[in-house]
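Student: Sharing my_file-v3.txt, compact mmCIF, C-alpha atoms (C1' of nucleotides):
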# COMPACT_ATOMS: atom_id res chain seq x y z
CA MET H 740 13.89 -54.88 62.77
CA PRO H 741 15.21 -54.57 59.26
CA LYS H 742 13.97 -52.35 56.53
CA ILE H 743 12.02 -54.66 54.23
CA VAL H 744 11.93 -54.48 50.44
CA ASP H 745 10.69 -56.85 47.80
CA ARG H 746 14.14 -58.00 46.82
CA ALA H 747 13.11 -60.03 43.80
CA GLU H 748 11.02 -57.19 42.41
CA ARG H 749 13.87 -54.76 42.93
CA ARG H 750 16.22 -57.02 40.99
CA ARG H 751 13.74 -57.19 38.16
CA GLU H 752 13.46 -53.40 38.08
CA ILE H 753 17.21 -52.96 37.85
CA ALA H 754 17.60 -55.67 35.21
CA GLY H 755 14.74 -54.01 33.31
CA ALA H 756 16.73 -50.79 33.29
CA LEU H 757 19.66 -52.69 31.81
CA LEU H 758 17.48 -54.12 29.05
CA ARG H 759 16.17 -50.67 28.16
CA ILE H 760 19.73 -49.40 27.82
CA VAL H 761 20.76 -52.34 25.65
CA ALA H 762 17.76 -51.78 23.40
CA ARG H 763 18.34 -48.06 23.12
CA GLU H 764 22.13 -47.71 23.09
CA GLY H 765 23.58 -51.21 22.82
CA VAL H 766 25.44 -53.51 25.21
CA GLU H 767 28.54 -51.38 25.25
CA ALA H 768 26.52 -48.57 26.83
CA VAL H 769 25.79 -50.72 29.86
CA SER H 770 27.74 -49.79 32.97
CA VAL H 771 26.89 -50.03 36.62
CA ARG H 772 26.44 -46.28 36.68
CA SER H 773 24.34 -46.03 33.53
CA VAL H 774 22.04 -48.77 34.77
CA ALA H 775 21.75 -46.98 38.10
CA VAL H 776 20.75 -43.73 36.40
CA GLU H 777 18.23 -45.52 34.15
CA ALA H 778 16.74 -47.28 37.18
CA GLY H 779 16.65 -44.02 39.12
CA VAL H 780 18.87 -45.24 41.94
CA SER H 781 22.48 -44.86 42.93
CA ALA H 782 25.30 -47.07 41.74
CA GLY H 783 25.61 -48.35 45.29
CA ALA H 784 22.05 -49.64 45.19
CA VAL H 785 22.76 -51.60 42.02
CA GLN H 786 25.71 -53.17 43.73
CA LYS H 787 23.53 -54.17 46.66
CA TYR H 788 21.40 -56.34 44.38
CA PHE H 789 24.04 -57.56 41.98
CA SER H 790 27.47 -58.06 43.42
CA THR H 791 29.04 -58.13 39.99
CA LYS H 792 28.23 -56.84 36.54
CA GLU H 793 28.24 -60.41 35.28
CA ASP H 794 25.47 -61.34 37.71
CA LEU H 795 23.43 -58.44 36.46
CA PHE H 796 23.80 -59.52 32.85
CA ARG H 797 22.90 -63.10 33.61
CA PHE H 798 19.75 -62.09 35.42
CA ALA H 799 18.72 -59.79 32.58
CA LEU H 800 19.31 -62.57 30.08
CA ASP H 801 17.12 -64.84 32.18
CA MET H 802 14.38 -62.26 32.08
CA THR H 803 14.37 -62.03 28.29
CA SER H 804 14.14 -65.81 28.04
CA GLU H 805 11.10 -65.70 30.27
CA PHE H 806 9.49 -63.04 28.09
CA LEU H 807 9.98 -65.29 25.10
CA GLU H 808 8.47 -68.33 26.75
CA GLN H 809 5.55 -66.38 28.12
CA ARG H 810 4.56 -65.47 24.60
CA TRP H 811 4.11 -69.14 23.83
CA GLN H 812 2.03 -69.66 26.95
CA THR H 813 -0.49 -66.96 26.06
CA LEU H 814 -1.10 -68.56 22.67
CA ASP H 815 -4.48 -70.29 22.68
CA GLN H 816 -4.06 -73.42 20.64
CA SER H 817 -7.34 -73.58 18.74
CA GLY H 818 -8.12 -73.08 15.08
CA ASN H 819 -5.64 -73.73 12.30
CA LEU H 820 -2.31 -74.37 13.97
CA LEU H 821 -0.28 -73.12 11.02
CA ASP H 822 -2.11 -69.80 11.00
CA LEU H 823 -1.57 -69.54 14.74
CA LEU H 824 2.13 -70.17 14.41
CA LEU H 825 2.39 -67.50 11.75
CA ARG H 826 0.63 -64.99 13.96
CA LEU H 827 3.05 -65.81 16.74
CA LEU H 828 6.06 -65.34 14.49
CA VAL H 829 4.82 -62.05 13.12
CA GLU H 830 4.22 -60.84 16.64
CA ALA H 831 7.80 -61.70 17.51
CA MET H 832 9.20 -59.50 14.74
CA PRO H 833 10.79 -56.18 15.71
CA LEU H 834 8.03 -53.95 14.40
CA ASP H 835 7.57 -51.77 17.46
CA GLU H 836 9.91 -50.53 20.15
CA GLN H 837 9.09 -53.34 22.57
CA ARG H 838 9.79 -56.22 20.17
CA ARG H 839 12.71 -54.36 18.72
CA ALA H 840 14.23 -54.10 22.16
CA GLU H 841 13.87 -57.83 22.76
CA VAL H 842 15.48 -58.74 19.46
CA ILE H 843 18.36 -56.35 20.04
CA VAL H 844 18.90 -57.75 23.51
CA ILE H 845 18.93 -61.36 22.37
CA ASN H 846 21.16 -60.47 19.44
CA ALA H 847 23.61 -58.67 21.65
CA PHE H 848 23.69 -61.57 24.07
CA THR H 849 24.17 -64.09 21.28
CA ALA H 850 27.03 -62.08 19.83
CA ARG H 851 28.63 -62.01 23.24
CA ALA H 852 27.99 -65.68 23.89
CA ALA H 853 29.89 -66.54 20.73
CA VAL H 854 33.10 -65.46 22.42
CA ARG H 855 32.26 -66.36 26.01
CA PRO H 856 31.83 -70.10 26.59
CA SER H 857 29.99 -69.71 29.88
CA TRP H 858 27.35 -67.62 28.15
CA ALA H 859 27.22 -69.90 25.14
CA GLU H 860 25.99 -72.81 27.19
CA PHE H 861 23.23 -70.69 28.62
CA ILE H 862 22.13 -69.35 25.23
CA ARG H 863 22.30 -72.81 23.74
CA THR H 864 20.10 -74.26 26.44
CA GLY H 865 17.54 -71.54 25.80
CA TYR H 866 17.62 -72.16 22.07
CA ASP H 867 17.27 -75.89 22.53
CA GLU H 868 14.27 -75.44 24.81
CA LEU H 869 12.65 -73.14 22.28
CA ALA H 870 13.31 -75.66 19.52
CA GLU H 871 11.79 -78.37 21.69
CA ILE H 872 8.63 -76.36 22.33
CA THR H 873 8.33 -75.49 18.67
CA ALA H 874 8.83 -79.09 17.64
CA GLN H 875 6.12 -80.26 20.03
CA TYR H 876 3.78 -77.65 18.65
CA LEU H 877 4.55 -78.62 15.07
CA SER H 878 4.08 -82.27 15.90
CA LYS H 879 0.60 -81.48 17.14
CA ALA H 880 -0.03 -79.46 13.99
CA GLN H 881 1.10 -82.43 11.91
CA SER H 882 -1.39 -84.69 13.66
CA ALA H 883 -4.12 -82.16 12.97
CA GLY H 884 -3.15 -82.16 9.31
CA HIS H 885 -2.27 -78.48 9.34
CA VAL H 886 1.41 -79.02 8.67
CA ARG H 887 3.23 -81.39 6.33
CA ASP H 888 4.22 -84.64 7.99
CA ASP H 889 6.75 -86.01 5.50
CA LEU H 890 9.55 -84.38 7.47
CA PRO H 891 10.34 -84.77 11.18
CA ALA H 892 8.87 -82.02 13.36
CA SER H 893 12.26 -81.29 14.88
CA ASP H 894 13.74 -80.46 11.48
CA LEU H 895 10.80 -78.24 10.68
CA ALA H 896 11.24 -76.52 14.02
CA ASP H 897 14.90 -75.80 13.28
CA ALA H 898 13.94 -74.33 9.93
CA VAL H 899 11.14 -72.18 11.31
CA LEU H 900 13.35 -70.82 14.09
CA ALA H 901 16.19 -70.06 11.70
CA LEU H 902 13.80 -68.39 9.30
CA SER H 903 12.21 -66.13 11.90
CA ASP H 904 15.58 -65.39 13.46
CA GLY H 905 17.01 -64.41 10.10
CA PHE H 906 14.07 -62.21 9.21
CA ALA H 907 14.11 -60.55 12.62
CA ASN H 908 17.78 -59.79 12.15
CA ARG H 909 17.20 -58.34 8.74
CA MET H 910 14.35 -56.18 9.96
CA LEU H 911 16.55 -54.70 12.66
CA THR H 912 18.50 -52.65 10.16
CA SER H 913 15.93 -52.51 7.41
CA ALA H 914 14.48 -49.16 6.40
CA ASP H 915 11.00 -50.66 6.14
CA PRO H 916 10.79 -53.78 8.34
CA ALA H 917 7.13 -54.43 7.67
CA ALA H 918 7.88 -54.80 3.96
CA LEU H 919 9.56 -58.11 4.75
CA LEU H 920 6.49 -59.59 6.44
CA PRO H 921 4.89 -61.08 3.31
CA SER H 922 8.18 -62.71 2.45
CA LEU H 923 8.33 -64.24 5.92
CA GLU H 924 4.77 -65.48 5.67
CA THR H 925 5.15 -67.11 2.26
CA SER H 926 8.43 -68.66 3.33
CA VAL H 927 6.94 -70.29 6.38
CA ARG H 928 3.83 -71.37 4.53
CA THR H 929 5.87 -72.85 1.72
CA LEU H 930 7.97 -74.72 4.20
CA LEU H 931 5.11 -76.06 6.29
CA THR H 932 1.98 -76.52 4.21
CA PRO H 933 1.06 -80.17 3.63
CA ARG H 934 2.18 -81.66 0.32
CA ILE H 935 -0.48 -82.98 -1.97
CA MET K 194 62.43 -37.67 0.56
CA PRO K 195 59.79 -39.38 2.67
CA LYS K 196 59.83 -42.83 4.10
CA ILE K 197 57.45 -44.79 1.89
CA VAL K 198 55.08 -47.56 2.97
CA ASP K 199 52.17 -49.26 1.30
CA ARG K 200 49.56 -47.29 3.15
CA ALA K 201 46.55 -49.25 1.92
CA GLU K 202 48.16 -52.57 2.78
CA ARG K 203 49.07 -51.29 6.23
CA ARG K 204 45.49 -50.27 6.87
CA ARG K 205 44.32 -53.72 5.86
CA GLU K 206 46.79 -55.31 8.23
CA ILE K 207 45.60 -53.24 11.16
CA ALA K 208 41.93 -53.78 10.36
CA GLY K 209 42.68 -57.49 10.07
CA ALA K 210 44.04 -57.41 13.60
CA LEU K 211 40.77 -55.84 14.74
CA LEU K 212 38.76 -58.58 13.04
CA ARG K 213 40.81 -61.27 14.75
CA ILE K 214 40.14 -59.69 18.12
CA VAL K 215 36.42 -59.42 17.45
CA ALA K 216 36.29 -63.06 16.41
CA ARG K 217 38.29 -64.26 19.39
CA GLU K 218 37.16 -61.97 22.23
CA GLY K 219 34.22 -59.95 20.94
CA VAL K 220 33.74 -56.30 20.00
CA GLU K 221 34.03 -55.07 23.53
CA ALA K 222 37.62 -56.31 23.61
CA VAL K 223 38.56 -53.94 20.81
CA SER K 224 40.59 -50.94 21.89
CA VAL K 225 43.22 -48.93 20.10
CA ARG K 226 45.84 -50.55 22.29
CA SER K 227 44.60 -54.13 21.94
CA VAL K 228 44.48 -53.76 18.17
CA ALA K 229 48.00 -52.36 18.22
CA VAL K 230 49.28 -55.34 20.20
CA GLU K 231 47.49 -57.81 17.91
CA ALA K 232 48.94 -56.07 14.86
CA GLY K 233 52.38 -56.01 16.44
CA VAL K 234 52.74 -52.24 16.34
CA SER K 235 52.39 -49.40 18.79
CA ALA K 236 49.18 -47.58 19.55
CA GLY K 237 50.64 -44.53 17.91
CA ALA K 238 51.02 -46.40 14.65
CA VAL K 239 47.36 -47.37 14.69
CA GLN K 240 46.48 -43.74 15.14
CA LYS K 241 48.62 -42.80 12.16
CA TYR K 242 46.44 -44.91 9.90
CA PHE K 243 43.08 -44.39 11.56
CA SER K 244 42.52 -41.02 13.15
CA THR K 245 39.59 -42.31 15.16
CA LYS K 246 38.34 -45.64 16.43
CA GLU K 247 35.19 -45.18 14.39
CA ASP K 248 37.25 -44.96 11.20
CA LEU K 249 38.97 -48.18 12.10
CA PHE K 250 35.68 -49.99 12.65
CA ARG K 251 34.22 -48.73 9.40
CA PHE K 252 37.19 -49.90 7.43
CA ALA K 253 37.11 -53.33 9.07
CA LEU K 254 33.40 -53.60 8.31
CA ASP K 255 34.13 -52.77 4.70
CA MET K 256 36.68 -55.54 4.58
CA THR K 257 34.25 -58.18 5.81
CA SER K 258 31.74 -57.13 3.18
CA GLU K 259 34.38 -57.62 0.52
CA PHE K 260 35.15 -61.09 1.83
CA LEU K 261 31.50 -61.97 1.49
CA GLU K 262 31.19 -60.71 -2.06
CA GLN K 263 34.42 -62.37 -3.13
CA ARG K 264 32.96 -65.72 -2.21
CA TRP K 265 30.19 -65.17 -4.74
CA GLN K 266 32.71 -64.22 -7.41
CA THR K 267 34.71 -67.42 -7.07
CA LEU K 268 31.58 -69.51 -7.61
CA ASP K 269 31.62 -71.01 -11.10
CA GLN K 270 28.07 -70.97 -12.30
CA SER K 271 27.82 -74.27 -14.11
CA GLY K 272 25.90 -77.44 -13.29
CA ASN K 273 22.71 -77.48 -11.26
CA LEU K 274 22.29 -73.98 -9.87
CA LEU K 275 20.37 -75.14 -6.82
CA ASP K 276 23.12 -77.56 -5.84
CA LEU K 277 25.66 -74.80 -6.35
CA LEU K 278 23.75 -72.42 -4.13
CA LEU K 279 23.56 -75.03 -1.43
CA ARG K 280 27.28 -75.61 -1.58
CA LEU K 281 27.83 -71.89 -1.24
CA LEU K 282 25.55 -71.64 1.76
CA VAL K 283 27.15 -74.60 3.51
CA GLU K 284 30.56 -73.04 2.92
CA ALA K 285 29.37 -69.86 4.56
CA MET K 286 28.39 -71.63 7.78
CA PRO K 287 30.65 -71.18 10.82
CA LEU K 288 32.13 -74.67 10.80
CA ASP K 289 35.80 -73.72 11.09
CA GLU K 290 37.63 -70.86 12.76
CA GLN K 291 37.77 -68.71 9.63
CA ARG K 292 34.04 -68.82 8.86
CA ARG K 293 33.20 -68.59 12.51
CA ALA K 294 35.20 -65.40 12.77
CA GLU K 295 33.35 -63.85 9.85
CA VAL K 296 29.95 -64.71 11.26
CA ILE K 297 30.87 -63.34 14.67
CA VAL K 298 32.16 -60.15 13.14
CA ILE K 299 29.06 -59.57 11.05
CA ASN K 300 26.85 -60.42 14.01
CA ALA K 301 28.65 -58.02 16.26
CA PHE K 302 28.42 -55.27 13.69
CA THR K 303 24.73 -55.92 13.10
CA ALA K 304 24.03 -55.78 16.82
CA ARG K 305 25.83 -52.49 17.00
CA ALA K 306 24.17 -51.12 13.90
CA ALA K 307 20.79 -51.71 15.50
CA VAL K 308 21.49 -48.89 17.93
CA ARG K 309 23.68 -46.70 15.74
CA PRO K 310 21.82 -45.21 12.78
CA SER K 311 24.95 -44.31 10.83
CA TRP K 312 26.06 -47.93 10.94
CA ALA K 313 22.59 -49.23 10.18
CA GLU K 314 22.54 -47.55 6.79
CA PHE K 315 25.83 -49.14 5.93
CA ILE K 316 24.77 -52.61 7.04
CA ARG K 317 21.46 -52.25 5.27
CA THR K 318 23.16 -51.30 2.01
CA GLY K 319 25.36 -54.36 2.27
CA TYR K 320 22.38 -56.59 2.95
CA ASP K 321 20.42 -55.13 0.08
CA GLU K 322 23.30 -55.68 -2.30
CA LEU K 323 23.62 -59.26 -1.14
CA ALA K 324 19.88 -59.76 -1.61
CA GLU K 325 20.14 -58.29 -5.09
CA ILE K 326 22.97 -60.61 -6.09
CA THR K 327 21.12 -63.59 -4.66
CA ALA K 328 17.93 -62.63 -6.45
CA GLN K 329 19.76 -62.34 -9.76
CA TYR K 330 21.30 -65.73 -9.23
CA LEU K 331 17.96 -67.27 -8.34
CA SER K 332 16.34 -65.66 -11.34
CA LYS K 333 18.89 -67.34 -13.55
CA ALA K 334 18.25 -70.60 -11.73
CA GLN K 335 14.54 -70.17 -12.37
CA SER K 336 15.13 -69.76 -16.11
CA ALA K 337 17.24 -72.91 -16.06
CA GLY K 338 14.40 -74.75 -14.36
CA HIS K 339 16.48 -75.53 -11.31
CA VAL K 340 14.40 -73.42 -8.93
CA ARG K 341 10.65 -72.98 -8.62
CA ASP K 342 9.36 -70.01 -10.61
CA ASP K 343 5.90 -69.56 -9.10
CA LEU K 344 7.33 -67.03 -6.63
CA PRO K 345 9.36 -63.89 -7.39
CA ALA K 346 13.11 -64.41 -7.17
CA SER K 347 13.46 -61.47 -4.78
CA ASP K 348 11.13 -63.12 -2.26
CA LEU K 349 13.04 -66.36 -2.56
CA ALA K 350 16.28 -64.47 -2.05
CA ASP K 351 14.96 -62.88 1.15
CA ALA K 352 13.94 -66.29 2.42
CA VAL K 353 17.24 -67.96 1.57
CA LEU K 354 19.26 -65.20 3.20
CA ALA K 355 17.11 -65.28 6.33
CA LEU K 356 17.38 -69.03 6.49
CA SER K 357 21.15 -69.14 6.19
CA ASP K 358 21.53 -66.21 8.55
CA GLY K 359 19.38 -67.92 11.14
CA PHE K 360 21.18 -71.23 10.85
CA ALA K 361 24.57 -69.52 11.03
CA ASN K 362 23.46 -67.77 14.19
CA ARG K 363 22.26 -70.98 15.73
CA MET K 364 25.47 -72.78 14.89
CA LEU K 365 27.52 -70.10 16.61
CA THR K 366 26.42 -71.29 20.03
CA SER K 367 25.52 -74.84 19.14
CA ALA K 368 27.49 -77.68 20.69
CA ASP K 369 27.55 -79.54 17.38
CA PRO K 370 27.12 -77.05 14.53
CA ALA K 371 27.51 -79.60 11.76
CA ALA K 372 24.48 -81.47 13.06
CA LEU K 373 22.32 -78.64 11.77
CA LEU K 374 23.58 -78.91 8.21
CA PRO K 375 21.03 -81.49 7.00
CA SER K 376 18.27 -79.34 8.39
CA LEU K 377 19.60 -76.34 6.49
CA GLU K 378 19.87 -78.33 3.29
CA THR K 379 16.36 -79.79 3.41
CA SER K 380 14.94 -76.38 4.33
CA VAL K 381 16.52 -74.67 1.34
CA ARG K 382 15.61 -77.51 -0.98
CA THR K 383 12.03 -77.55 0.21
CA LEU K 384 11.82 -73.83 -0.31
CA LEU K 385 13.38 -73.75 -3.75
CA THR K 386 12.74 -77.01 -5.63
CA PRO K 387 10.30 -76.61 -8.53
CA ARG K 388 6.68 -77.54 -7.82
CA ILE K 389 5.16 -80.30 -9.86
C1' DC W 929 10.85 -45.14 72.18
C1' DC W 930 14.86 -47.39 71.10
C1' DT W 931 17.74 -50.64 69.11
C1' DT W 932 19.08 -53.43 65.42
C1' DT W 933 19.27 -54.50 60.77
C1' DT W 934 19.13 -53.52 56.17
C1' DC W 935 18.78 -49.98 52.35
C1' DG W 936 21.07 -47.43 49.45
C1' DG W 937 23.73 -43.13 48.71
C1' DA W 938 28.66 -41.33 48.56
C1' DT W 939 33.31 -41.81 47.98
C1' DA W 940 37.76 -44.00 46.82
C1' DC W 941 40.83 -46.69 44.09
C1' DG W 942 43.51 -48.55 40.37
C1' DA W 943 42.99 -49.93 35.73
C1' DC W 944 41.79 -48.82 31.25
C1' DT W 945 39.63 -45.91 27.65
C1' DG W 946 40.14 -42.58 23.21
C1' DT W 947 42.62 -38.89 21.62
C1' DA W 948 46.38 -35.25 21.33
C1' DT W 949 50.97 -34.26 21.41
C1' DT W 950 55.84 -34.95 21.30
C1' DC W 951 59.60 -37.32 20.12
C1' DT W 952 63.29 -40.26 17.56
C1' DA W 953 64.76 -42.89 13.70
C1' DA W 954 64.76 -44.00 9.05
C1' DA W 955 64.57 -43.44 4.20
C1' DG W 956 64.66 -41.44 -0.40
C1' DG W 957 65.55 -37.20 -3.56
C1' DG W 958 68.68 -33.42 -4.34
C1' DC Q 577 76.03 -36.90 1.82
C1' DC Q 578 72.64 -34.41 3.81
C1' DC Q 579 68.16 -32.70 4.43
C1' DT Q 580 63.45 -33.09 4.55
C1' DT Q 581 59.54 -35.76 5.22
C1' DT Q 582 57.26 -39.42 7.15
C1' DA Q 583 56.73 -43.73 10.23
C1' DG Q 584 55.70 -45.01 14.27
C1' DA Q 585 56.96 -45.29 19.22
C1' DA Q 586 56.25 -42.84 23.72
C1' DT Q 587 53.99 -40.03 26.73
C1' DA Q 588 50.27 -37.15 28.59
C1' DC Q 589 45.55 -36.19 29.80
C1' DA Q 590 40.91 -36.18 31.07
C1' DG Q 591 37.20 -39.61 31.52
C1' DT Q 592 34.99 -43.80 32.62
C1' DC Q 593 35.16 -48.38 34.12
C1' DG Q 594 34.17 -52.21 37.93
C1' DT Q 595 34.57 -52.94 42.56
C1' DA Q 596 35.36 -52.08 47.64
C1' DT Q 597 34.40 -49.50 51.46
C1' DC Q 598 32.13 -46.42 54.38
C1' DC Q 599 28.48 -43.82 55.78
C1' DG Q 600 23.76 -41.90 57.34
C1' DA Q 601 18.78 -42.86 57.14
C1' DA Q 602 14.77 -45.49 57.57
C1' DA Q 603 11.97 -49.06 59.23
C1' DA Q 604 10.20 -52.89 62.06
C1' DG Q 605 10.31 -55.64 66.54
C1' DG Q 606 11.20 -55.35 71.43
Would you put the structure from the file into structure tokens?
Tutor:
Amino acid sequence: MPKIVDRAERRREIAGALLRIVAREGVEAVSVRSVAVEAGVSAGAVQKYFSTKEDLFRFALDMTSEFLEQRWQTLDQSGNLLDLLLRLLVEAMPLDEQRRAEVIVINAFTARAAVRPSWAEFIRTGYDELAEITAQYLSKAQSAGHVRDDLPASDLADAVLALSDGFANRMLTSADPAALLPSLETSVRTLLTPRI
Amino acid sequence: MPKIVDRAERRREIAGALLRIVAREGVEAVSVRSVAVEAGVSAGAVQKYFSTKEDLFRFALDMTSEFLEQRWQTLDQSGNLLDLLLRLLVEAMPLDEQRRAEVIVINAFTARAAVRPSWAEFIRTGYDELAEITAQYLSKAQSAGHVRDDLPASDLADAVLALSDGFANRMLTSADPAALLPSLETSVRTLLTPRI
DNA sequence: CCTTTTCGGATACGACTGTATTCTAAAGGG
DNA sequence: CCCTTTAGAATACAGTCGTATCCGAAAAGG
């Protein structure tokens, strides 16, 4: 009897519109109406799928986390694990519009989480999971002899994440983001290559 | 004839109120009226000193940059330069309300600059200056034999800034920020200690 | 075909936004 | 002492905000 729509897909479309706005104009440009326009629907439709603006933001934040994790999944873990990690990090840098959008979104959310405890817990969980995945990967790389093993993998993971986060941030406002790539690469290599 | 006030000081007071709001409630909580309340004046008074909200933000951003540079100035450059740098970095981490506020403010501004070209140039200039100062310091540390000299000081500066930026970011939403300090310290040391 | 259910557009509301304008009170130079 | 200039409070205005409500249209099962 009812009109049937793929509800989950519709929610993803609308949240995607939000992410595009954040990437292009910043979080403060997000409103129910602006998201509706970007998604090509009415404001009423947006309200149908997200009862509150907060819900909408949470869902969008979830989506970006999934993007991030998916990138790890698609990484085939063969060859030199350090080289692979470096390729992954470079790919995560904001060098094109797509990556740039993701970094802006995560940055915006982190900035907001810093002053909103309920968001902070969510962001923290995501960060911790990422650190865990990275640590596991590095541990494997240590066993393979591709990464130094005189320091715990979890510490190395923290350092690598901080390093890539910092460089990504810097690139966001840099005139020539790609110019920072060699610096990122040597930093990570210096940090991770096995000691002799 | 006129009623005389210290105009520059008044501007600093009002901008300080803005910074407190950003640190406590985030950028989106900043409005002419909320700043006025925080500063203990009327909205009209705020308008007297800053004709537009944009002016107000720019001035506040300037102030935070000055804070950052002042910290470098107060650093007496004696003893082991690597140890000194580490102490500086640790002091810059968001471990108390004051530092936390600064990091939040800079984060918020960076996030905004990513989607506002006029701000981006300003932020970028500040970053470049900071990188320059850091590089000069590291160069001196290289001459003193306290820091490895097989890599250009400018690259090392980029890495150190990225590292501390990334750790500061992580600490913002971390449940136990101080727990990340050892990781920061070993990372920087690993990156900078002279090779044998 | 018709009925029932949901989709999603339209509208309404009160609160808040940035900015412009108007006002009163105060203070220092003549 | 008064007059002029400024400080800064108060008010006004046109938008936009999030949310609630109401409406017609479309689609699937009987």
Student: I want to know what sits within 10 Å of Lys241 of chain K, based on only C-alpha atoms (C1' of nucleotides), with residues of the same chain fewer than 4 positions away left out; could you give that as a PyMOL selection string?
Tutor: (chain K and resi 204+236-237+245) or (chain Q and resi 583-584)
Student: List every protein, DNA or RNA residue with an atom no more than 9 Å from (29.1, -58.6, 17.9) in the file's coordinates, counting all atoms listed in the file, and format the result as number ranges by chain.
Tutor: H: 846-851, 853; K: 215-216, 219-221, 297-305
Student: Fewer than 5 positions away in the same chain doesn't count, so skip those; otherwise give me all residues within 12 Å of His885 of chain H, counting only C-alpha atoms (C1' of nucleotides), as a list in words.
Tutor: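 What passes the distance filter is Ser817, Gly818, Asn819, Leu820, Leu821, Asp822, Leu823, Leu824, Tyr876, Leu877, Ser878, Lys879, Ala880, Arg928, Leu931, Thr932, Pro933 and Arg934 of chain H.
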Student: Report the closest atom pair, with its distance in Å rounded to one decimal, for each residue of chain Q that has an atom no farther than 12 Å from chain H; count all atoms listed in the file, sort by chain and then rising residue number, and write it as JSON lines.
Tutor:
{"residue": "Q:DT592", "atom": "C1'", "partner": "H:Ser770", "partner_atom": "CA", "distance": 9.4}
{"residue": "Q:DC593", "atom": "C1'", "partner": "H:Ser770", "partner_atom": "CA", "distance": 7.6}
{"residue": "Q:DG594", "atom": "C1'", "partner": "H:Lys792", "partner_atom": "CA", "distance": 7.7}
{"residue": "Q:DT595", "atom": "C1'", "partner": "H:Thr791", "partner_atom": "CA", "distance": 8.0}
{"residue": "Q:DA596", "atom": "C1'", "partner": "H:Gln786", "partner_atom": "CA", "distance": 10.5}
{"residue": "Q:DT597", "atom": "C1'", "partner": "H:Gly783", "partner_atom": "CA", "distance": 10.8}
{"residue": "Q:DC598", "atom": "C1'", "partner": "H:Gly783", "partner_atom": "CA", "distance": 11.4}
{"residue": "Q:DC599", "atom": "C1'", "partner": "H:Gly783", "partner_atom": "CA", "distance": 11.8}
{"residue": "Q:DA601", "atom": "C1'", "partner": "H:Lys742", "partner_atom": "CA", "distance": 10.7}
{"residue": "Q:DA602", "atom": "C1'", "partner": "H:Lys742", "partner_atom": "CA", "distance": 7.0}
{"residue": "Q:DA603", "atom": "C1'", "partner": "H:Lys742", "partner_atom": "CA", "distance": 4.7}
{"residue": "Q:DA604", "atom": "C1'", "partner": "H:Met740", "partner_atom": "CA", "distance": 4.3}
{"residue": "Q:DG605", "atom": "C1'", "partner": "H:Met740", "partner_atom": "CA", "distance": 5.3}
{"residue": "Q:DG606", "atom": "C1'", "partner": "H:Met740", "partner_atom": "CA", "distance": 9.1}
Student: Quote the spacing between atom CA of Asp915 of chain H and atom CA of Thr929 of chain H in Å to one decimal place.
Tutor: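 One can read the atom CA of Asp915 of chain H to atom CA of Thr929 of chain H distance as 23.2 Å.
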Student: Pull the closest atom pair for each residue of chain W that gets at most 7 Å from chain K, along with the distance in Å to one decimal, counting all atoms listed in the file, ordering rows by chain and then ascending residue number, as a tab-separated table.
Tutor:
residue	atom	partner	partner_atom	distance
W:DA955	C1'	K:Lys196	CA	4.8
W:DG956	C1'	K:Met194	CA	4.5
W:DG957	C1'	K:Met194	CA	5.2
Student: Find the residues near Glu805 of chain H: any atom within 12 Å, counting only C-alpha atoms (C1' of nucleotides), skip ones fewer than 3 places away on the same chain, and give them as a list in words.
Tutor: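 Counting only C-alpha atoms (C1' of nucleotides), the residues come to Arg751, Phe798, Ala799, Leu800, Asp801, Met802, Glu808, Gln809, Arg810, Trp811, Gln812, Glu841, Ile845, Gly865, Glu868 and Leu869 of chain H.
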Student: Go through K:Arg213, K:Arg317, K:Arg251, K:Arg200 one by one, measure the shortest atom-to-atom distance of each to chain H using all atoms listed in the file, and give the residue with the smallest value.
Tutor: K:Arg317
Student: Excluding Pro345 of chain K and any residue of its chain fewer than 3 positions from it, enumerate the residues within 9 Å of it, using only C-alpha atoms (C1' of nucleotides), and give them as an MDAnalysis selection string.
Tutor: chainID K and resid 328 332 342 348:350
Student: As an exercise, work out the distance from atom CA of Leu890 of chain H to atom CA of Ala346 of chain K in Å and give it to one decimal place.
Tutor: 25.0 Å
Student: For a quick check of your reading of the model, name the residues lying within 7 Å of the coordinate (16.4, -72.4, 2.9), counting all atoms listed in the file, and write them as a PyMOL selection string.
Tutor: chain K and resi 352-353+356-357+377-378+380-382+384
Student: What's around Ile214 of chain K at 8 Å? Count all atoms listed in the file, leave out sequence neighbours fewer than 6 positions away in its own chain, and write the answer as a VMD selection string.
Tutor: chain K and resid 220 222 to 223 228 231
Student: Would you please work out which residue, of K:Met364, K:Arg217, K:Ile326, K:Val296, is nearest to chain H when using only C-alpha atoms?
Tutor: K:Arg217
Student: Interatomic distance between atom CA of Pro287 of chain K and atom CA of Val854 of chain H?
Tutor: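 The value is 13.2 Å.
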Student: Using only C-alpha atoms, which of H:Asp815, H:Leu807, H:Gln875, H:Glu764 sits nearest chain K?
Tutor: H:Glu764
